[in-house]
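Student: So I've got this file, protein24.pdb, and it contains PDB, C-alpha atoms and all ligand atoms:
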```
MODEL        1
ATOM      1  CA  MET R   1      -6.984  14.831 -26.987
ATOM      2  CA  SER R   2      -6.878  11.128 -26.468
ATOM      3  CA  TYR R   3      -4.866   9.113 -24.022
ATOM      4  CA  PRO R   4      -3.829   5.448 -23.881
ATOM      5  CA  HIS R   5      -6.418   3.065 -22.499
ATOM      6  CA  SER R   6      -7.876  -0.341 -23.175
ATOM      7  CA  GLU R   7     -11.091  -0.402 -25.223
ATOM      8  CA  THR R   8     -12.316  -3.575 -23.568
ATOM      9  CA  LYS R   9     -10.942  -3.747 -20.053
ATOM     10  CA  PRO R  10     -10.454  -1.441 -17.068
ATOM     11  CA  THR R  11      -7.140   0.430 -17.305
ATOM     12  CA  LEU R  12      -4.976   1.033 -14.271
ATOM     13  CA  TYR R  13      -2.497   3.905 -14.425
ATOM     14  CA  ASN R  14       0.272   2.551 -12.319
ATOM     15  CA  ALA R  15       3.850   3.076 -11.146
ATOM     16  CA  VAL R  16       5.522   0.035  -9.664
ATOM     17  CA  ILE R  17       7.427   2.117  -7.101
ATOM     18  CA  CYS R  18       4.217   3.665  -5.722
ATOM     19  CA  PRO R  19       2.704   2.013  -2.624
ATOM     20  CA  TYR R  20      -0.663   3.668  -3.285
ATOM     21  CA  ALA R  21      -0.793   2.237  -6.794
ATOM     22  CA  GLN R  22       0.173  -1.165  -5.384
ATOM     23  CA  ARG R  23      -3.023  -1.084  -3.327
ATOM     24  CA  ALA R  24      -5.067  -0.838  -6.522
ATOM     25  CA  VAL R  25      -3.040  -3.588  -8.205
ATOM     26  CA  ILE R  26      -3.650  -5.955  -5.280
ATOM     27  CA  ALA R  27      -7.391  -5.223  -5.174
ATOM     28  CA  LEU R  28      -7.729  -5.749  -8.933
ATOM     29  CA  ASN R  29      -5.732  -8.978  -8.728
ATOM     30  CA  GLU R  30      -8.005 -10.160  -5.914
ATOM     31  CA  SER R  31     -11.053  -9.444  -8.078
ATOM     32  CA  GLY R  32      -9.739 -11.672 -10.870
ATOM     33  CA  VAL R  33     -11.100  -9.191 -13.428
ATOM     34  CA  PRO R  34      -8.825  -8.811 -16.466
ATOM     35  CA  TYR R  35      -7.374  -5.308 -16.635
ATOM     36  CA  GLU R  36      -4.560  -3.483 -18.365
ATOM     37  CA  LYS R  37      -1.816  -1.483 -16.757
ATOM     38  CA  VAL R  38      -0.333   1.676 -18.192
ATOM     39  CA  ASP R  39       2.924   2.528 -16.440
ATOM     40  CA  ILE R  40       3.466   6.180 -15.690
ATOM     41  CA  ASP R  41       7.021   7.448 -15.313
ATOM     42  CA  LEU R  42       6.559   9.728 -12.311
ATOM     43  CA  SER R  43       9.776  11.625 -12.991
ATOM     44  CA  ASN R  44       8.667  12.380 -16.559
ATOM     45  CA  LYS R  45       4.894  12.199 -16.693
ATOM     46  CA  PRO R  46       3.274  12.091 -20.124
ATOM     47  CA  ALA R  47       1.604  15.294 -21.305
ATOM     48  CA  TRP R  48      -1.754  13.511 -21.547
ATOM     49  CA  TYR R  49      -1.770  12.288 -17.953
ATOM     50  CA  PRO R  50      -3.698  15.270 -16.469
ATOM     51  CA  GLN R  51      -6.633  14.173 -18.625
ATOM     52  CA  VAL R  52      -6.698  10.979 -16.603
ATOM     53  CA  ASN R  53      -5.956  12.511 -13.209
ATOM     54  CA  PRO R  54      -5.729  16.301 -12.976
ATOM     55  CA  GLU R  55      -3.871  15.800  -9.688
ATOM     56  CA  GLY R  56      -1.124  14.083 -11.689
ATOM     57  CA  LYS R  57      -0.944  11.167  -9.275
ATOM     58  CA  VAL R  58      -1.113   7.413  -9.595
ATOM     59  CA  PRO R  59      -3.088   5.291  -9.194
ATOM     60  CA  ALA R  60      -6.065   6.099 -11.398
ATOM     61  CA  LEU R  61      -8.505   3.502 -12.658
ATOM     62  CA  ARG R  62     -10.417   3.988 -15.904
ATOM     63  CA  LEU R  63     -13.563   1.896 -16.095
ATOM     64  CA  ASN R  64     -14.759   0.443 -19.405
ATOM     65  CA  ASP R  65     -17.326   3.216 -19.816
ATOM     66  CA  GLY R  66     -14.669   5.934 -19.496
ATOM     67  CA  ARG R  67     -15.336   6.984 -15.917
ATOM     68  CA  ILE R  68     -12.137   7.433 -13.920
ATOM     69  CA  LEU R  69     -11.512   6.759 -10.244
ATOM     70  CA  ILE R  70      -8.663   8.294  -8.259
ATOM     71  CA  GLU R  71      -7.358   7.919  -4.678
ATOM     72  CA  SER R  72      -6.062   4.473  -3.838
ATOM     73  CA  LEU R  73      -8.189   3.745  -0.808
ATOM     74  CA  LEU R  74     -11.360   4.781  -2.635
ATOM     75  CA  ILE R  75     -10.374   2.582  -5.576
ATOM     76  CA  VAL R  76      -9.842  -0.373  -3.231
ATOM     77  CA  GLU R  77     -13.216   0.245  -1.567
ATOM     78  CA  TYR R  78     -14.894   0.607  -4.969
ATOM     79  CA  ILE R  79     -13.502  -2.775  -6.024
ATOM     80  CA  SER R  80     -14.547  -4.371  -2.743
ATOM     81  CA  GLU R  81     -18.096  -2.996  -3.176
ATOM     82  CA  THR R  82     -18.289  -3.937  -6.852
ATOM     83  CA  TYR R  83     -17.309  -7.522  -6.039
ATOM     84  CA  PRO R  84     -18.984  -8.127  -2.657
ATOM     85  CA  GLN R  85     -18.464 -11.881  -3.038
ATOM     86  CA  LEU R  86     -14.768 -11.253  -2.319
ATOM     87  CA  LYS R  87     -15.739 -10.063   1.176
ATOM     88  CA  LEU R  88     -12.782  -7.687   1.231
ATOM     89  CA  MET R  89     -14.770  -5.420   3.532
ATOM     90  CA  PRO R  90     -16.539  -7.122   6.451
ATOM     91  CA  ALA R  91     -20.312  -6.834   6.579
ATOM     92  CA  ASP R  92     -20.317  -5.958  10.265
ATOM     93  CA  ASN R  93     -20.124  -2.202  10.893
ATOM     94  CA  PHE R  94     -17.820  -2.495  13.866
ATOM     95  CA  GLU R  95     -15.406  -4.633  11.874
ATOM     96  CA  LYS R  96     -15.560  -2.084   9.048
ATOM     97  CA  TYR R  97     -14.571   0.524  11.598
ATOM     98  CA  GLN R  98     -11.670  -1.682  12.729
ATOM     99  CA  VAL R  99     -10.446  -2.046   9.146
ATOM    100  CA  ARG R 100     -10.446   1.740   8.780
ATOM    101  CA  LEU R 101      -8.863   2.289  12.187
ATOM    102  CA  PHE R 102      -6.035  -0.110  11.383
ATOM    103  CA  ILE R 103      -5.376   1.779   8.144
ATOM    104  CA  GLU R 104      -5.353   5.052  10.117
ATOM    105  CA  TYR R 105      -2.817   3.629  12.537
ATOM    106  CA  MET R 106      -0.536   2.490   9.749
ATOM    107  CA  SER R 107      -0.920   5.818   7.910
ATOM    108  CA  ASN R 108      -0.189   7.919  10.989
ATOM    109  CA  LYS R 109       2.234   5.884  13.051
ATOM    110  CA  VAL R 110       4.303   4.027  10.446
ATOM    111  CA  THR R 111       4.207   5.423   6.906
ATOM    112  CA  PRO R 112       5.352   9.014   7.626
ATOM    113  CA  HIS R 113       8.448   7.718   9.410
ATOM    114  CA  VAL R 114       9.407   5.354   6.581
ATOM    115  CA  TYR R 115       9.710   8.336   4.252
ATOM    116  CA  GLY R 116      10.881  10.578   7.088
ATOM    117  CA  ILE R 117      14.058   8.523   7.442
ATOM    118  CA  ILE R 118      14.938   9.082   3.792
ATOM    119  CA  ARG R 119      14.292  12.792   4.034
ATOM    120  CA  ALA R 120      16.022  13.344   7.414
ATOM    121  CA  LYS R 121      18.445  16.282   7.291
ATOM    122  CA  ASP R 122      21.113  14.836   9.563
ATOM    123  CA  ALA R 123      22.110  11.715  11.523
ATOM    124  CA  GLU R 124      20.289  12.867  14.670
ATOM    125  CA  GLN R 125      16.997  13.422  12.857
ATOM    126  CA  LYS R 126      17.443  10.084  11.092
ATOM    127  CA  GLU R 127      17.923   8.294  14.420
ATOM    128  CA  GLN R 128      14.902  10.028  15.983
ATOM    129  CA  THR R 129      12.717   9.147  13.006
ATOM    130  CA  TYR R 130      13.976   5.559  13.048
ATOM    131  CA  GLN R 131      12.947   5.317  16.724
ATOM    132  CA  LYS R 132       9.501   6.721  15.902
ATOM    133  CA  LEU R 133       9.163   4.104  13.175
ATOM    134  CA  MET R 134      10.111   1.309  15.593
ATOM    135  CA  ASP R 135       7.566   2.623  18.125
ATOM    136  CA  GLY R 136       4.916   2.767  15.403
ATOM    137  CA  LEU R 137       5.650  -0.786  14.292
ATOM    138  CA  LYS R 138       5.419  -2.063  17.868
ATOM    139  CA  PHE R 139       2.132  -0.227  18.313
ATOM    140  CA  VAL R 140       0.675  -1.734  15.149
ATOM    141  CA  ASN R 141       2.031  -5.171  16.077
ATOM    142  CA  GLY R 142       0.036  -4.939  19.320
ATOM    143  CA  LYS R 143      -3.160  -3.995  17.489
ATOM    144  CA  PHE R 144      -3.297  -7.345  15.699
ATOM    145  CA  THR R 145      -4.230  -9.205  18.857
ATOM    146  CA  GLU R 146      -6.951  -6.634  19.521
ATOM    147  CA  PHE R 147      -8.531  -6.733  16.041
ATOM    148  CA  SER R 148      -8.038 -10.315  14.993
ATOM    149  CA  THR R 149     -10.924 -12.618  15.774
ATOM    150  CA  SER R 150      -8.582 -15.612  15.575
ATOM    151  CA  SER R 151      -5.499 -15.748  17.751
ATOM    152  CA  THR R 152      -3.515 -17.384  14.974
ATOM    153  CA  GLY R 153      -4.077 -14.686  12.387
ATOM    154  CA  PRO R 154      -2.514 -14.224   9.966
ATOM    155  CA  TYR R 155      -4.411 -11.195   8.640
ATOM    156  CA  VAL R 156      -5.568  -8.029  10.347
ATOM    157  CA  LEU R 157      -9.003  -9.599  10.862
ATOM    158  CA  GLY R 158      -7.589 -13.020  11.692
ATOM    159  CA  ASP R 159      -8.325 -15.599   9.030
ATOM    160  CA  ARG R 160     -10.114 -13.106   6.753
ATOM    161  CA  PHE R 161      -8.098 -11.144   4.210
ATOM    162  CA  SER R 162      -9.487  -7.615   3.925
ATOM    163  CA  VAL R 163      -9.089  -4.058   2.709
ATOM    164  CA  ALA R 164      -6.896  -3.455   5.778
ATOM    165  CA  ASP R 165      -4.297  -5.914   4.492
ATOM    166  CA  ILE R 166      -4.443  -4.497   0.972
ATOM    167  CA  ALA R 167      -4.063  -0.918   2.170
ATOM    168  CA  CYS R 168      -1.193  -1.544   4.585
ATOM    169  CA  ILE R 169       1.143  -4.144   3.111
ATOM    170  CA  PRO R 170       2.600  -1.836   0.397
ATOM    171  CA  PHE R 171       4.137   0.375   3.075
ATOM    172  CA  ILE R 172       5.750  -2.556   4.874
ATOM    173  CA  ASP R 173       7.104  -3.600   1.470
ATOM    174  CA  ARG R 174       8.997  -0.339   1.150
ATOM    175  CA  MET R 175      10.702  -0.508   4.522
ATOM    176  CA  ASP R 176      13.574  -2.804   3.576
ATOM    177  CA  ALA R 177      14.679  -0.430   0.835
ATOM    178  CA  VAL R 178      14.887   2.330   3.438
ATOM    179  CA  PHE R 179      16.760   0.056   5.863
ATOM    180  CA  MET R 180      19.214  -0.875   3.098
ATOM    181  CA  LEU R 181      19.870   2.793   2.417
ATOM    182  CA  ILE R 182      20.732   3.519   6.045
ATOM    183  CA  GLY R 183      22.515   0.201   6.631
ATOM    184  CA  SER R 184      20.182  -0.985   9.400
ATOM    185  CA  LYS R 185      18.560  -4.347  10.187
ATOM    186  CA  ARG R 186      16.050  -5.678   7.665
ATOM    187  CA  PHE R 187      12.374  -5.901   8.570
ATOM    188  CA  SER R 188      12.591  -9.680   9.080
ATOM    189  CA  GLU R 189      15.420  -9.160  11.604
ATOM    190  CA  LEU R 190      13.577  -6.672  13.810
ATOM    191  CA  GLU R 191      12.716  -7.963  17.261
ATOM    192  CA  GLY R 192       9.378  -7.888  19.071
ATOM    193  CA  LEU R 193       7.285  -7.729  15.888
ATOM    194  CA  GLU R 194       6.408 -11.380  15.474
ATOM    195  CA  ARG R 195       2.725 -10.891  14.685
ATOM    196  CA  LEU R 196       3.443  -8.136  12.186
ATOM    197  CA  LYS R 197       6.097 -10.251  10.465
ATOM    198  CA  ALA R 198       3.810 -13.298  10.285
ATOM    199  CA  TRP R 199       1.182 -11.043   8.713
ATOM    200  CA  ALA R 200       3.629  -9.701   6.122
ATOM    201  CA  ASP R 201       4.742 -13.247   5.225
ATOM    202  CA  ALA R 202       1.128 -14.351   4.773
ATOM    203  CA  CYS R 203       0.376 -11.335   2.587
ATOM    204  CA  HIS R 204       3.463 -11.865   0.446
ATOM    205  CA  ALA R 205       2.464 -15.467  -0.168
ATOM    206  CA  ARG R 206      -0.879 -14.425  -1.693
ATOM    207  CA  LYS R 207      -1.269 -14.728  -5.455
ATOM    208  CA  SER R 208      -2.623 -11.193  -5.651
ATOM    209  CA  ILE R 209       0.306  -9.651  -3.789
ATOM    210  CA  ALA R 210       3.442 -11.536  -4.845
ATOM    211  CA  PRO R 211       3.391 -10.136  -8.422
ATOM    212  CA  SER R 212       2.479  -6.634  -7.227
ATOM    213  CA  ARG R 213       5.777  -6.126  -5.413
ATOM    214  CA  CYS R 214       8.486  -3.768  -6.609
ATOM    215  CA  ASP R 215      12.108  -4.980  -6.752
ATOM    216  CA  LEU R 216      14.087  -3.784  -3.782
ATOM    217  CA  ASP R 217      16.912  -2.519  -6.012
ATOM    218  CA  VAL R 218      14.488  -0.358  -7.960
ATOM    219  CA  LEU R 219      13.157   1.157  -4.741
ATOM    220  CA  VAL R 220      16.645   1.762  -3.346
ATOM    221  CA  GLU R 221      17.700   3.622  -6.510
ATOM    222  CA  ARG R 222      14.564   5.716  -6.376
ATOM    223  CA  TYR R 223      14.980   6.581  -2.694
ATOM    224  CA  LYS R 224      18.603   7.588  -3.265
ATOM    225  CA  ALA R 225      17.254  10.318  -5.506
ATOM    226  CA  PHE R 226      15.003  11.586  -2.670
ATOM    227  CA  ARG R 227      17.969  12.381  -0.430
TER     228      ARG R 227
HETATM  229  N1  LIG R 301      -3.613   9.989  -1.813
HETATM  230  C1  LIG R 301      -3.148   9.412  -3.049
HETATM  231  C2  LIG R 301      -1.634   9.461  -3.060
HETATM  232  C3  LIG R 301      -1.058   8.976  -4.373
HETATM  233  C4  LIG R 301       0.385   9.436  -4.548
HETATM  234  O1  LIG R 301       0.901  10.245  -3.755
HETATM  235  N2  LIG R 301       1.028   8.946  -5.602
HETATM  236  C5  LIG R 301       2.372   9.415  -5.910
HETATM  237  C6  LIG R 301       3.324   8.269  -6.175
HETATM  238  S1  LIG R 301       3.534   7.223  -4.792
HETATM  239  C7  LIG R 301       2.318  10.224  -7.184
HETATM  240  O2  LIG R 301       1.629   9.906  -8.103
HETATM  241  N3  LIG R 301       3.112  11.297  -7.231
HETATM  242  C8  LIG R 301       3.273  12.066  -8.423
HETATM  243  C9  LIG R 301       3.150  13.513  -8.167
HETATM  244  O3  LIG R 301       2.715  13.901  -7.079
HETATM  245  O4  LIG R 301       3.476  14.275  -9.071
HETATM  246  C10 LIG R 301      -3.682   7.998  -3.182
HETATM  247  O5  LIG R 301      -3.908   7.356  -2.144
HETATM  248  O6  LIG R 301      -3.922   7.536  -4.302
ENDMDL
END
```
What's the structure tokens form of this structure?
Ligand SMILES: N[C@@H](CCC(=O)N[C@@H](CS)C(=O)NCC(=O)O)C(=O)O
Tutor:
Amino acid sequence: MSYPHSETKPTLYNAVICPYAQRAVIALNESGVPYEKVDIDLSNKPAWYPQVNPEGKVPALRLNDGRILIESLLIVEYISETYPQLKLMPADNFEKYQVRLFIEYMSNKVTPHVYGIIRAKDAEQKEQTYQKLMDGLKFVNGKFTEFSTSSTGPYVLGDRFSVADIACIPFIDRMDAVFMLIGSKRFSELEGLERLKAWADACHARKSIAPSRCDLDVLVERYKAFR
């Protein structure tokens, strides 16, 4: 059985609502390599999709020779290694470790609570999860000064944009949709997160990231269905 793909360019199987897929979009945009996107409707996946990714998840990246990569972080690292001139991963091993540690922090201390708020069973659980999210954001905000080699930022590694920025910004992007759903302050209005907010602004201004973002309304509608 065949499945849709470009004959001449890499093909990214994408869903605009998916933060993991957004990582791959940003990395591909950074590379400047022409690629095609095939949008997958996650609520009604095409019958052929398991041929691309037996796990049924996006993103997946089909290379020109037919080999397929899955798992967003591995796709981002593959792109950074295929195009070393982009310097998306620092050469220094300790800085590589810092990139990975920052991603761990975001994955463990922020992301679960973003989705946790949507899935909370009652108001009390929602409030507790919201507090955990605020604590996680403050923690991550503090890590910028530790990791950044330049005090002015704006990126995780200071003036160098890296895999850490690519991997983490999609989850910050989804927060406002969650805050809209629960009627709380928007990300830009939160206090005590100045470094994190400056980082998000700098990321959003990048040519690779601006077009990768999902409309807030689309996210809100999707998250309503989660509840
Ligand atoms: N660990 C995976 C997670 C990808 C993932 O969970 N994608 C979701 C959308 S955000 C998906 O495809 N879900 C469809 C499904 O599980 O059926 C990655 O980093 O690529």
Student: Output as a Markdown table one row per residue of range 99-203 of chain R within 12 Å of range 2-19 of chain R: the closest atom pair and its distance in Å to one decimal place, counting all atoms listed in the file, sorted by chain and residue number ascending.
Tutor:
```
| residue | atom | partner | partner_atom | distance |
| --- | --- | --- | --- | --- |
| R:Ser107 | CA | R:Pro19 | CA | 11.8 |
| R:Thr111 | CA | R:Pro19 | CA | 10.2 |
| R:Val114 | CA | R:Pro19 | CA | 11.9 |
| R:Tyr115 | CA | R:Pro19 | CA | 11.7 |
| R:Ile166 | CA | R:Pro19 | CA | 10.3 |
| R:Ala167 | CA | R:Pro19 | CA | 8.8 |
| R:Cys168 | CA | R:Pro19 | CA | 8.9 |
| R:Ile169 | CA | R:Pro19 | CA | 8.6 |
| R:Pro170 | CA | R:Pro19 | CA | 4.9 |
| R:Phe171 | CA | R:Pro19 | CA | 6.1 |
| R:Ile172 | CA | R:Pro19 | CA | 9.3 |
| R:Asp173 | CA | R:Pro19 | CA | 8.2 |
| R:Arg174 | CA | R:Pro19 | CA | 7.7 |
| R:Met175 | CA | R:Pro19 | CA | 11.0 |
| R:Ala177 | CA | R:Ile17 | CA | 11.0 |
```
Student: Pick out the residues no farther than 12 Å from ligand LIG 301 (chain R), counting all atoms listed in the file, and list them as a count of residues only.
Tutor: 55
Student: Would you kindly translate the PyMOL selection byres (((chain R and resi 140) around 8) and not hetatm) into the concrete residues it picks from this file, as a list in words?
Tutor: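 When the PyMOL selection byres (((chain R and resi 140) around 8) and not hetatm) is applied to the shown file, the picked residues are Phe102, Tyr105, Met106, Gly136, Leu137, Lys138, Phe139, Asn141, Gly142, Lys143, Phe144 and Leu196 of chain R.
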Student: Take every atom of range 134-143 of chain R listed in the file, pad by 8 Å on each side, and give me the axis-aligned box centre and edge lengths in Å, one decimal, as AutoDock Vina command-line options.
Tutor:
```
--center_x 3.5 --center_y -1.2 --center_z 16.8 --size_x 29.3 --size_y 23.9 --size_z 21.0
```
Student: Quick one: of R:Val178, R:Ala123, R:Ala91, R:Met134, who's nearest to Leu193 in chain R, counting only C-alpha atoms?
Tutor: R:Met134
Student: What is the distance, in Å and to one decimal place, between CA of Glu127 in chain R and CA of Asn108 in chain R?
Tutor: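 CA of Asn108 in chain R lies 18.4 Å from CA of Glu127 in chain R.
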Student: Provide the CA of Ala47 in chain R to CA of Gly66 in chain R distance in Å, to one decimal place.
Tutor: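 Taking CA of Ala47 in chain R and CA of Gly66 in chain R, their separation equals 18.9 Å.
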Student: Quote the spacing between CA of Glu194 in chain R and CA of Gly153 in chain R in Å to one decimal place.
Tutor: 11.4 Å
Student: Between R:Ile79, R:Val156, R:Ile68, R:Ile26, which is the closest to Lys197 in chain R once you count only C-alpha atoms?
Tutor: R:Val156
Student: Measuring between only C-alpha atoms, which one of R:Arg119, R:Arg213, R:Arg67, R:Arg62 shows the shortest distance to Ala225 in chain R?
Tutor: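 Looking at the shortest contact to Ala225 in chain R, the residue is R:Arg119.
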Student: Return the single residue from R:His113, R:Arg160, R:Lys37, R:Lys87 that is closest to Ala202 in chain R, with distances computed using all atoms listed in the file.
Tutor: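 That would be R:Arg160, the residue with the smallest distance to Ala202 in chain R.
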Student: Please provide as a ChimeraX atom specification all residues within 12 Å of Lys126 in chain R, with the sequence filter that same-chain residues fewer than 2 positions apart are discarded (counting all atoms listed in the file).
Tutor: /R:113-124,128-133,178-179,181-184,227
Student: Just checking: using only C-alpha atoms, which residue out of R:Glu189, R:Asp176, R:Glu104, R:Glu95 ends up closest to Glu146 in chain R?
Tutor: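 Selected residue with least distance to Glu146 in chain R: R:Glu95.
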Student: Excluding Met89 in chain R and its own-chain neighbours fewer than 2 positions away, which residues fall within 8 Å of it when counting all atoms listed in the file? Please give them as a list in words.
Tutor: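 Those residues are Glu77, Ser80, Glu81, Pro84, Lys87, Ala91, Lys96, Val99, Ser162 and Val163 of chain R.
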